[in-house]
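Structure below is input_24.cif: mmCIF, C-alpha atoms.
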```
data_work
loop_
_atom_site.group_PDB
_atom_site.id
_atom_site.type_symbol
_atom_site.label_atom_id
_atom_site.label_comp_id
_atom_site.auth_asym_id
_atom_site.auth_seq_id
_atom_site.Cartn_x
_atom_site.Cartn_y
_atom_site.Cartn_z
ATOM 1 C CA MET A 1 13.048 53.780 -50.624
ATOM 2 C CA VAL A 2 9.348 54.267 -51.281
ATOM 3 C CA VAL A 3 6.675 55.042 -48.725
ATOM 4 C CA TYR A 4 3.247 53.788 -49.808
ATOM 5 C CA SER A 5 0.997 54.934 -47.014
ATOM 6 C CA PHE A 6 0.760 56.022 -43.408
ATOM 7 C CA TYR A 7 -1.954 55.549 -40.773
ATOM 8 C CA ILE A 8 -2.602 56.643 -37.185
ATOM 9 C CA PHE A 9 -5.039 54.750 -34.959
ATOM 10 C CA ASP A 10 -6.230 56.057 -31.600
ATOM 11 C CA ARG A 11 -6.832 54.061 -28.426
ATOM 12 C CA HIS A 12 -10.440 53.462 -29.437
ATOM 13 C CA THR A 13 -9.110 51.540 -32.456
ATOM 14 C CA GLU A 14 -10.392 54.231 -34.792
ATOM 15 C CA CYS A 15 -8.354 55.374 -37.773
ATOM 16 C CA ILE A 16 -7.819 59.076 -37.128
ATOM 17 C CA TYR A 17 -5.407 59.792 -39.921
ATOM 18 C CA ALA A 18 -4.621 58.104 -43.226
ATOM 19 C CA ARG A 19 -2.382 59.284 -45.989
ATOM 20 C CA SER A 20 -1.288 57.612 -49.197
ATOM 21 C CA TRP A 21 1.643 58.562 -51.400
ATOM 22 C CA LEU A 22 0.667 56.223 -54.209
ATOM 23 C CA PRO A 23 0.141 57.803 -57.607
ATOM 24 C CA GLN A 24 -3.588 58.071 -58.342
ATOM 25 C CA SER A 25 -3.486 55.512 -61.140
ATOM 26 C CA LEU A 26 -1.792 52.932 -58.945
ATOM 27 C CA SER A 27 -3.981 53.384 -55.908
ATOM 28 C CA GLN A 28 -6.914 52.032 -57.918
ATOM 29 C CA HIS A 29 -5.094 48.716 -58.149
ATOM 30 C CA HIS A 30 -7.986 46.704 -56.770
ATOM 31 C CA SER A 31 -10.268 47.451 -59.667
ATOM 32 C CA SER A 32 -8.385 45.028 -61.895
ATOM 33 C CA ALA A 33 -8.542 42.301 -59.261
ATOM 34 C CA PRO A 34 -11.496 39.940 -59.222
ATOM 35 C CA LEU A 35 -12.332 41.124 -55.715
ATOM 36 C CA GLN A 36 -14.646 44.008 -54.937
ATOM 37 C CA PRO A 37 -12.889 47.357 -55.190
ATOM 38 C CA SER A 38 -11.894 48.409 -51.706
ATOM 39 C CA THR A 39 -11.979 51.891 -50.316
ATOM 40 C CA ALA A 40 -9.348 53.577 -48.218
ATOM 41 C CA SER A 41 -11.408 53.065 -45.067
ATOM 42 C CA ASP A 42 -11.645 49.318 -45.766
ATOM 43 C CA ASP A 43 -7.881 49.209 -46.056
ATOM 44 C CA ALA A 44 -7.504 51.063 -42.768
ATOM 45 C CA LYS A 45 -9.753 48.520 -41.047
ATOM 46 C CA LEU A 46 -7.805 45.614 -42.492
ATOM 47 C CA ILE A 47 -4.539 47.209 -41.428
ATOM 48 C CA PHE A 48 -5.771 47.776 -37.923
ATOM 49 C CA GLY A 49 -6.997 44.194 -37.672
ATOM 50 C CA THR A 50 -3.643 42.913 -38.831
ATOM 51 C CA VAL A 51 -1.498 44.947 -36.449
ATOM 52 C CA PHE A 52 -3.877 44.277 -33.570
ATOM 53 C CA SER A 53 -3.764 40.498 -34.087
ATOM 54 C CA LEU A 54 -0.025 40.431 -34.627
ATOM 55 C CA ARG A 55 0.632 42.604 -31.603
ATOM 56 C CA ASN A 56 -1.420 40.313 -29.384
ATOM 57 C CA MET A 57 0.261 37.249 -30.851
ATOM 58 C CA VAL A 58 3.704 38.728 -30.250
ATOM 59 C CA ARG A 59 2.819 39.676 -26.681
ATOM 60 C CA LYS A 60 1.593 36.183 -25.987
ATOM 61 C CA LEU A 61 4.763 34.574 -27.285
ATOM 62 C CA GLY A 62 7.438 37.118 -26.450
ATOM 63 C CA GLY A 63 6.136 38.365 -23.110
ATOM 64 C CA GLU A 64 4.204 41.484 -22.118
ATOM 65 C CA ASP A 65 7.140 43.797 -22.762
ATOM 66 C CA ASP A 66 7.752 42.545 -26.289
ATOM 67 C CA ALA A 67 6.783 44.861 -29.118
ATOM 68 C CA PHE A 68 5.920 44.077 -32.690
ATOM 69 C CA ILE A 69 8.221 46.106 -34.949
ATOM 70 C CA SER A 70 7.564 45.185 -38.564
ATOM 71 C CA TYR A 71 6.628 42.506 -41.001
ATOM 72 C CA ARG A 72 7.530 41.976 -44.626
ATOM 73 C CA THR A 73 5.776 40.205 -47.471
ATOM 74 C CA GLY A 74 7.110 39.687 -50.979
ATOM 75 C CA ASN A 75 5.635 43.013 -52.055
ATOM 76 C CA TYR A 76 5.761 45.465 -49.177
ATOM 77 C CA LYS A 77 6.860 46.000 -45.599
ATOM 78 C CA MET A 78 4.769 47.272 -42.705
ATOM 79 C CA HIS A 79 6.269 49.185 -39.790
ATOM 80 C CA PHE A 80 4.529 49.625 -36.475
ATOM 81 C CA TYR A 81 5.071 51.876 -33.489
ATOM 82 C CA GLU A 82 2.854 52.117 -30.441
ATOM 83 C CA THR A 83 3.074 54.886 -27.860
ATOM 84 C CA PRO A 84 2.428 54.175 -24.158
ATOM 85 C CA ALA A 85 -0.992 55.814 -24.573
ATOM 86 C CA ASN A 86 -1.944 53.181 -27.179
ATOM 87 C CA LEU A 87 -1.662 55.534 -30.094
ATOM 88 C CA ARG A 88 -0.560 53.402 -33.041
ATOM 89 C CA PHE A 89 1.482 54.556 -35.999
ATOM 90 C CA VAL A 90 1.637 52.342 -39.074
ATOM 91 C CA MET A 91 3.620 52.819 -42.252
ATOM 92 C CA LEU A 92 3.727 50.774 -45.452
ATOM 93 C CA THR A 93 6.930 50.929 -47.488
ATOM 94 C CA ASP A 94 8.704 48.875 -50.131
ATOM 95 C CA THR A 95 10.544 45.724 -49.059
ATOM 96 C CA GLY A 96 14.082 47.093 -49.215
ATOM 97 C CA THR A 97 13.534 49.652 -46.466
ATOM 98 C CA MET A 98 15.399 49.325 -43.187
ATOM 99 C CA SER A 99 13.611 49.623 -39.856
ATOM 100 C CA MET A 100 11.405 52.728 -39.791
ATOM 101 C CA ARG A 101 10.683 52.543 -36.095
ATOM 102 C CA ASN A 102 12.742 55.608 -35.294
ATOM 103 C CA VAL A 103 11.107 57.459 -38.175
ATOM 104 C CA LEU A 104 7.676 56.720 -36.715
ATOM 105 C CA HIS A 105 9.003 57.800 -33.335
ATOM 106 C CA GLN A 106 10.218 61.055 -34.889
ATOM 107 C CA ILE A 107 6.799 61.640 -36.415
ATOM 108 C CA TYR A 108 5.278 61.153 -32.983
ATOM 109 C CA ILE A 109 7.687 63.512 -31.230
ATOM 110 C CA ASN A 110 8.264 66.204 -33.833
ATOM 111 C CA LEU A 111 4.909 66.320 -35.588
ATOM 112 C CA TRP A 112 2.205 64.733 -33.470
ATOM 113 C CA VAL A 113 3.222 66.267 -30.157
ATOM 114 C CA GLU A 114 4.209 69.606 -31.668
ATOM 115 C CA TYR A 115 1.270 70.235 -33.978
ATOM 116 C CA VAL A 116 -1.583 68.135 -32.608
ATOM 117 C CA VAL A 117 -1.068 67.757 -28.866
ATOM 118 C CA LYS A 118 0.191 71.297 -28.354
ATOM 119 C CA ASN A 119 -2.570 72.774 -30.469
ATOM 120 C CA PRO A 120 -5.003 74.423 -28.000
ATOM 121 C CA LEU A 121 -7.863 74.054 -30.487
ATOM 122 C CA ALA A 122 -7.402 70.324 -31.040
ATOM 123 C CA PRO A 123 -9.870 68.118 -29.151
ATOM 124 C CA VAL A 124 -8.676 65.443 -26.721
ATOM 125 C CA GLU A 125 -10.345 62.697 -28.729
ATOM 126 C CA HIS A 126 -9.917 62.856 -32.457
ATOM 127 C CA LYS A 127 -13.292 61.691 -33.658
ATOM 128 C CA ASN A 128 -13.157 61.233 -37.436
ATOM 129 C CA GLY A 129 -9.713 62.752 -37.438
ATOM 130 C CA ALA A 130 -10.738 66.060 -35.889
ATOM 131 C CA GLY A 131 -7.693 68.062 -34.852
ATOM 132 C CA VAL A 132 -5.271 65.831 -36.736
ATOM 133 C CA LYS A 133 -6.057 67.158 -40.155
ATOM 134 C CA ASN A 134 -4.459 70.524 -39.531
ATOM 135 C CA GLU A 135 -2.305 72.232 -42.060
ATOM 136 C CA LEU A 136 0.951 72.257 -40.105
ATOM 137 C CA PHE A 137 0.780 68.565 -39.284
ATOM 138 C CA GLU A 138 -0.108 67.495 -42.812
ATOM 139 C CA LEU A 139 2.505 69.758 -44.376
ATOM 140 C CA GLY A 140 5.183 68.681 -41.923
ATOM 141 C CA LEU A 141 4.384 65.003 -42.478
ATOM 142 C CA ASP A 142 4.413 65.345 -46.236
ATOM 143 C CA GLN A 143 7.747 67.169 -46.205
ATOM 144 C CA PHE A 144 9.252 64.691 -43.774
ATOM 145 C CA ILE A 145 8.210 61.655 -45.826
ATOM 146 C CA ARG A 146 9.243 63.194 -49.129
ATOM 147 C CA GLY A 147 12.583 64.001 -47.561
ATOM 148 C CA LEU A 148 13.052 60.306 -46.832
ATOM 149 C CA MET A 149 12.200 59.159 -50.337
ATOM 150 C CA MET B 1 22.047 31.860 -33.070
ATOM 151 C CA THR B 2 19.024 30.075 -31.755
ATOM 152 C CA VAL B 3 15.956 28.442 -33.209
ATOM 153 C CA PHE B 4 13.175 28.698 -30.633
ATOM 154 C CA ALA B 5 10.243 26.835 -32.095
ATOM 155 C CA LEU B 6 8.512 25.438 -35.161
ATOM 156 C CA ILE B 7 4.812 25.543 -35.960
ATOM 157 C CA VAL B 8 3.170 23.901 -38.966
ATOM 158 C CA ILE B 9 -0.285 25.063 -40.051
ATOM 159 C CA ASN B 10 -2.339 23.145 -42.607
ATOM 160 C CA LYS B 11 -4.142 24.790 -45.506
ATOM 161 C CA ALA B 12 -7.336 25.188 -43.473
ATOM 162 C CA GLY B 13 -5.609 27.081 -40.663
ATOM 163 C CA GLY B 14 -5.417 24.160 -38.256
ATOM 164 C CA LEU B 15 -2.358 23.522 -36.142
ATOM 165 C CA ILE B 16 -0.768 20.225 -37.162
ATOM 166 C CA TYR B 17 2.626 20.444 -35.488
ATOM 167 C CA ASN B 18 4.342 22.514 -32.858
ATOM 168 C CA LYS B 19 7.605 21.996 -31.105
ATOM 169 C CA ASN B 20 9.792 24.065 -28.794
ATOM 170 C CA PHE B 21 13.534 23.621 -29.191
ATOM 171 C CA HIS B 22 14.922 26.267 -26.907
ATOM 172 C CA ASP B 23 13.744 28.560 -24.116
ATOM 173 C CA GLY B 24 13.091 32.091 -25.265
ATOM 174 C CA LEU B 25 9.402 32.172 -25.999
ATOM 175 C CA ASN B 26 6.686 32.122 -23.385
ATOM 176 C CA LYS B 27 5.112 28.771 -22.621
ATOM 177 C CA ILE B 28 1.537 28.844 -23.822
ATOM 178 C CA SER B 29 -1.119 26.160 -23.643
ATOM 179 C CA THR B 30 -2.002 23.882 -26.548
ATOM 180 C CA ASN B 31 -5.312 25.667 -26.817
ATOM 181 C CA ASP B 32 -3.503 28.994 -27.232
ATOM 182 C CA TYR B 33 -1.342 27.436 -29.929
ATOM 183 C CA LEU B 34 -4.467 26.398 -31.810
ATOM 184 C CA VAL B 35 -5.875 29.917 -31.526
ATOM 185 C CA LEU B 36 -2.554 31.382 -32.623
ATOM 186 C CA ALA B 37 -2.437 29.136 -35.700
ATOM 187 C CA GLY B 38 -5.953 30.095 -36.701
ATOM 188 C CA THR B 39 -5.323 33.790 -36.142
ATOM 189 C CA PHE B 40 -2.117 33.722 -38.109
ATOM 190 C CA HIS B 41 -3.826 31.942 -40.975
ATOM 191 C CA GLY B 42 -6.337 34.780 -41.223
ATOM 192 C CA VAL B 43 -3.756 37.525 -40.815
ATOM 193 C CA HIS B 44 -1.638 35.943 -43.535
ATOM 194 C CA ALA B 45 -4.528 36.181 -45.986
ATOM 195 C CA ILE B 46 -5.162 39.825 -45.056
ATOM 196 C CA THR B 47 -1.508 40.797 -45.442
ATOM 197 C CA ALA B 48 -1.589 39.473 -49.007
ATOM 198 C CA ARG B 49 -4.759 41.488 -49.672
ATOM 199 C CA LEU B 50 -3.152 44.712 -48.412
ATOM 200 C CA THR B 51 -0.468 44.766 -51.111
ATOM 201 C CA PRO B 52 -0.310 48.418 -52.229
ATOM 202 C CA ILE B 53 1.055 47.889 -55.739
ATOM 203 C CA ARG B 54 0.092 44.710 -57.509
ATOM 204 C CA PRO B 55 2.371 43.194 -60.145
ATOM 205 C CA PRO B 56 1.147 43.966 -63.667
ATOM 206 C CA ALA B 57 -1.299 41.451 -65.145
ATOM 207 C CA PRO B 58 0.466 38.778 -67.191
ATOM 208 C CA PRO B 59 -0.199 38.286 -70.906
ATOM 209 C CA ALA B 60 -3.453 36.489 -71.674
ATOM 210 C CA GLY B 61 -3.383 32.774 -71.011
ATOM 211 C CA LEU B 62 -0.890 32.953 -68.195
ATOM 212 C CA ARG B 63 -1.904 32.683 -64.590
ATOM 213 C CA PRO B 64 -1.446 35.917 -62.611
ATOM 214 C CA GLU B 65 1.401 35.882 -60.165
ATOM 215 C CA GLN B 66 0.360 35.053 -56.614
ATOM 216 C CA VAL B 67 0.839 37.950 -54.215
ATOM 217 C CA SER B 68 2.667 36.671 -51.190
ATOM 218 C CA GLY B 69 1.468 37.124 -47.649
ATOM 219 C CA LEU B 70 3.542 37.755 -44.544
ATOM 220 C CA GLU B 71 7.046 36.341 -44.856
ATOM 221 C CA VAL B 72 9.098 37.763 -41.995
ATOM 222 C CA LEU B 73 7.858 39.222 -38.725
ATOM 223 C CA GLU B 74 10.235 41.140 -36.479
ATOM 224 C CA THR B 75 9.763 41.998 -32.838
ATOM 225 C CA GLU B 76 12.076 43.120 -30.044
ATOM 226 C CA ASN B 77 12.585 39.584 -28.711
ATOM 227 C CA PHE B 78 12.309 37.278 -31.684
ATOM 228 C CA ARG B 79 11.963 36.942 -35.419
ATOM 229 C CA MET B 80 9.483 34.745 -37.197
ATOM 230 C CA GLN B 81 9.852 33.468 -40.723
ATOM 231 C CA CYS B 82 6.869 32.039 -42.570
ATOM 232 C CA PHE B 83 7.191 29.693 -45.518
ATOM 233 C CA ASN B 84 4.006 29.093 -47.437
ATOM 234 C CA THR B 85 4.199 26.005 -49.655
ATOM 235 C CA LEU B 86 2.377 25.786 -52.978
ATOM 236 C CA THR B 87 -0.232 23.571 -51.346
ATOM 237 C CA GLY B 88 -0.927 26.117 -48.607
ATOM 238 C CA VAL B 89 0.910 24.490 -45.712
ATOM 239 C CA LYS B 90 2.633 27.143 -43.587
ATOM 240 C CA PHE B 91 5.869 26.594 -41.715
ATOM 241 C CA LEU B 92 6.548 29.168 -39.002
ATOM 242 C CA LEU B 93 10.045 29.197 -37.619
ATOM 243 C CA PHE B 94 10.742 31.309 -34.538
ATOM 244 C CA THR B 95 14.357 32.345 -34.103
ATOM 245 C CA ASP B 96 16.273 34.986 -32.207
ATOM 246 C CA THR B 97 16.636 38.389 -33.838
ATOM 247 C CA THR B 98 20.201 37.838 -35.059
ATOM 248 C CA GLN B 99 19.593 34.550 -36.854
ATOM 249 C CA THR B 100 20.648 34.592 -40.499
ATOM 250 C CA ASN B 101 19.908 32.301 -43.420
ATOM 251 C CA VAL B 102 16.538 31.284 -42.068
ATOM 252 C CA ASP B 103 15.405 30.689 -45.661
ATOM 253 C CA VAL B 104 17.798 27.793 -45.920
ATOM 254 C CA THR B 105 16.781 26.382 -42.556
ATOM 255 C CA ILE B 106 13.088 26.520 -43.325
ATOM 256 C CA ARG B 107 13.659 24.859 -46.713
ATOM 257 C CA LYS B 108 15.466 22.065 -44.978
ATOM 258 C CA VAL B 109 12.577 21.648 -42.549
ATOM 259 C CA TYR B 110 10.269 21.455 -45.560
ATOM 260 C CA ASP B 111 12.550 18.767 -47.021
ATOM 261 C CA LEU B 112 12.278 16.800 -43.803
ATOM 262 C CA TYR B 113 8.504 17.216 -43.885
ATOM 263 C CA ALA B 114 8.381 15.952 -47.462
ATOM 264 C CA ASP B 115 10.642 13.004 -46.691
ATOM 265 C CA TYR B 116 9.383 11.828 -43.335
ATOM 266 C CA VAL B 117 5.790 13.010 -43.163
ATOM 267 C CA MET B 118 4.457 13.011 -46.702
ATOM 268 C CA LYS B 119 6.185 9.736 -47.546
ATOM 269 C CA ASN B 120 4.890 8.066 -44.413
ATOM 270 C CA PRO B 121 2.060 5.754 -45.554
ATOM 271 C CA PHE B 122 0.349 5.990 -42.172
ATOM 272 C CA TYR B 123 0.094 9.774 -42.184
ATOM 273 C CA SER B 124 -3.331 11.116 -43.121
ATOM 274 C CA LEU B 125 -3.328 14.485 -44.834
ATOM 275 C CA GLU B 126 -4.254 17.642 -42.886
ATOM 276 C CA MET B 127 -4.059 15.753 -39.595
ATOM 277 C CA PRO B 128 -1.643 16.400 -36.711
ATOM 278 C CA ILE B 129 1.850 15.136 -37.489
ATOM 279 C CA ARG B 130 2.831 12.204 -35.291
ATOM 280 C CA CYS B 131 5.840 10.747 -37.044
ATOM 281 C CA GLU B 132 8.727 9.619 -34.907
ATOM 282 C CA MET B 133 11.270 9.851 -37.705
ATOM 283 C CA PHE B 134 10.309 13.431 -38.490
ATOM 284 C CA ASP B 135 10.597 14.343 -34.822
ATOM 285 C CA ARG B 136 13.999 12.768 -34.542
ATOM 286 C CA LYS B 137 15.481 14.219 -37.729
ATOM 287 C CA LEU B 138 14.109 17.671 -36.968
ATOM 288 C CA GLN B 139 15.421 17.562 -33.436
ATOM 289 C CA SER B 140 18.928 16.640 -34.544
ATOM 290 C CA TYR B 141 18.940 19.204 -37.362
ATOM 291 C CA VAL B 142 17.900 22.042 -35.050
ATOM 292 C CA ARG B 143 20.312 20.945 -32.345
ATOM 293 C CA GLU B 144 23.090 21.239 -34.909
ATOM 294 C CA ILE B 145 22.080 24.852 -35.663
ATOM 295 C CA ASN B 146 21.646 25.826 -32.026
ATOM 296 C CA ASN B 147 25.079 24.469 -31.121
ATOM 297 C CA ARG B 148 26.849 26.236 -33.942
#
```
Using structure tokens, write down the structure from this file.
Amino acid sequence: MVVYSFYIFDRHTECIYARSWLPQSLSQHHSSAPLQPSTASDDAKLIFGTVFSLRNMVRKLGGEDDAFISYRTGNYKMHFYETPANLRFVMLTDTGTMSMRNVLHQIYINLWVEYVVKNPLAPVEHKNGAGVKNELFELGLDQFIRGLM
Amino acid sequence: MTVFALIVINKAGGLIYNKNFHDGLNKISTNDYLVLAGTFHGVHAITARLTPIRPPAPPAGLRPEQVSGLEVLETENFRMQCFNTLTGVKFLLFTDTTQTNVDVTIRKVYDLYADYVMKNPFYSLEMPIRCEMFDRKLQSYVREINNR
């Protein structure tokens, strides 16, 4: 199992945390493509647009209580978890990975709540990722993901 | 095992066919179906663009391998499989979450499309599919699966 990247979006649709586990040489993959090289923030916007559209589509078809769990292409798989407060966790992995919904839920409970929500110095809104980029959270996340791989 | 619905989207993102076979999905208006088809068409292109690791470039002279877009979407209530043909027509098959072998089913639907839509001299390309034979064959094929 390989985890490519991980993103958190807040209820204002802003990307408040992004992390990639791709080796440096591979993360520059777009430069060889004929398209303009894209930056990490472009990718985050595209990812948010995708999950937002798919979530709305799924809700329309499957009812208000339906939740979009994951999608898979030939090259990767995207997992999605949304908390009741509209905080959205997204993870990109390889195609062979089983459902990572509980993993995202664990990240929410054990890392987000513990190290971000319970941090008295963290702001309520995480503008530009303020309060999320703290050492304990980042370290915990990195260890957790590397433990899975 | 249940097949809920089939949607066919042409290469421009327009809805050319939609049919419900079984209750399980919400009823939405034709207008919403058109919006859904267009949205999905765009999302499909973005999902291909998001590929984190691209396959290595082929030796000179060969065409680079196409990166595929969204193939399977899973939710709590249903599962959607997308089959993108070489000409860009997309077949979306909505099934329940336990359905297996959807690849085979969707291929068969593509076969039916090739046989009864593409070979119909009165069908104009990229336009909504109104072919009685296709309707009938599809209906009986899906009924067979749903009754299994």
Interface residues on chain B facing chain A, 9 Å, only C-alpha atoms, written as an MDAnalysis selection string: chainID B and resid 24:28 32 36 39:40 42:44 46:55 57 67:78
Taking all listed atoms of range 2-6 of chain B, build the axis-aligned box, pad each of the six sides by 5 Å, then write its centre and edge lengths in Å to one decimal as AutoDock Vina command-line options.
```
--center_x 13.8 --center_y 27.8 --center_z -32.9 --size_x 20.5 --size_y 14.6 --size_z 14.5
```
Selection result for the PyMOL selection byres ((chain B and resi 112) around 12) on this file, as number ranges by chain: B: 91, 105-111, 113-120, 131-142
Length of the CA of Asn102 in chain A to CA of His126 in chain A vector [Å]: 24.0 Å
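The spacing separating CA of Arg79 in chain B from CA of Arg19 in chain A amounts to 28.6 Å.
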Shell around range 6-8 of chain A at 7 Å using all atoms listed in the file, local window under 5 positions removed, as a VMD selection string: chain A and resid 15 to 20 88 to 92
Selection dump of the PyMOL selection byres ((chain B and resi 90) around 8), as a ChimeraX atom specification: /B:8-11,82-85,88-89,91-92
Output of the PyMOL selection byres ((chain A and resi 110-113) around 10), listed as a VMD selection string: chain A and resid 104 to 109 114 to 119 132 136 to 141 144
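If you measure from each of A:Pro120, A:Met100, A:Lys127, A:Tyr81 to Leu148 in chain A using all atoms listed in the file, the closest one turns out to be A:Met100.
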All residues 9 Å or closer to Asn146 in chain B, only C-alpha atoms, same chain fewer than 4 positions away omitted, as a ChimeraX atom specification: /B:1-3,21-22,141-142
Kindly export the residues of the current selection with C-alpha atoms, as an mmCIF file, in the frame of the given file.
```cif
data_model
loop_
_atom_site.group_PDB
_atom_site.id
_atom_site.type_symbol
_atom_site.label_atom_id
_atom_site.label_comp_id
_atom_site.auth_asym_id
_atom_site.auth_seq_id
_atom_site.Cartn_x
_atom_site.Cartn_y
_atom_site.Cartn_z
ATOM 1 C CA MET B 1 22.047 31.860 -33.070
ATOM 2 C CA THR B 2 19.024 30.075 -31.755
ATOM 3 C CA VAL B 3 15.956 28.442 -33.209
ATOM 4 C CA PHE B 21 13.534 23.621 -29.191
ATOM 5 C CA HIS B 22 14.922 26.267 -26.907
ATOM 6 C CA TYR B 141 18.940 19.204 -37.362
ATOM 7 C CA VAL B 142 17.900 22.042 -35.050
#
```
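Interatomic distance, CA of Thr95 in chain B against CA of Lys19 in chain B: 12.7 Å.
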Residue contacts of Ala85 in chain A (9 Å, only C-alpha atoms) excluding same-chain residues fewer than 2 positions away, as a PyMOL selection string: chain A and resi 10-11+82-83+87-88
Go ahead and save the residues from that selection, with C-alpha atoms, as a PDB file, keeping the file's coordinate frame.
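To be explicit, this is the file written out as result23.pdb:
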```
ATOM      1  CA  ASP A  10      -6.230  56.057 -31.600  1.00  0.00           C
ATOM      2  CA  ARG A  11      -6.832  54.061 -28.426  1.00  0.00           C
ATOM      3  CA  GLU A  82       2.854  52.117 -30.441  1.00  0.00           C
ATOM      4  CA  THR A  83       3.074  54.886 -27.860  1.00  0.00           C
ATOM      5  CA  LEU A  87      -1.662  55.534 -30.094  1.00  0.00           C
ATOM      6  CA  ARG A  88      -0.560  53.402 -33.041  1.00  0.00           C
TER       7      ARG A  88
END
```
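Residue nearest Gln81 in chain B, chosen from B:Ile129, B:Leu62, B:Ile145, B:Val104 and counting all atoms listed in the file: B:Val104.
Counting only C-alpha atoms, the residue from B:Ala37, B:Ala60, B:Leu93, B:Leu86 that sits nearest to Ala12 in chain B is B:Ala37.
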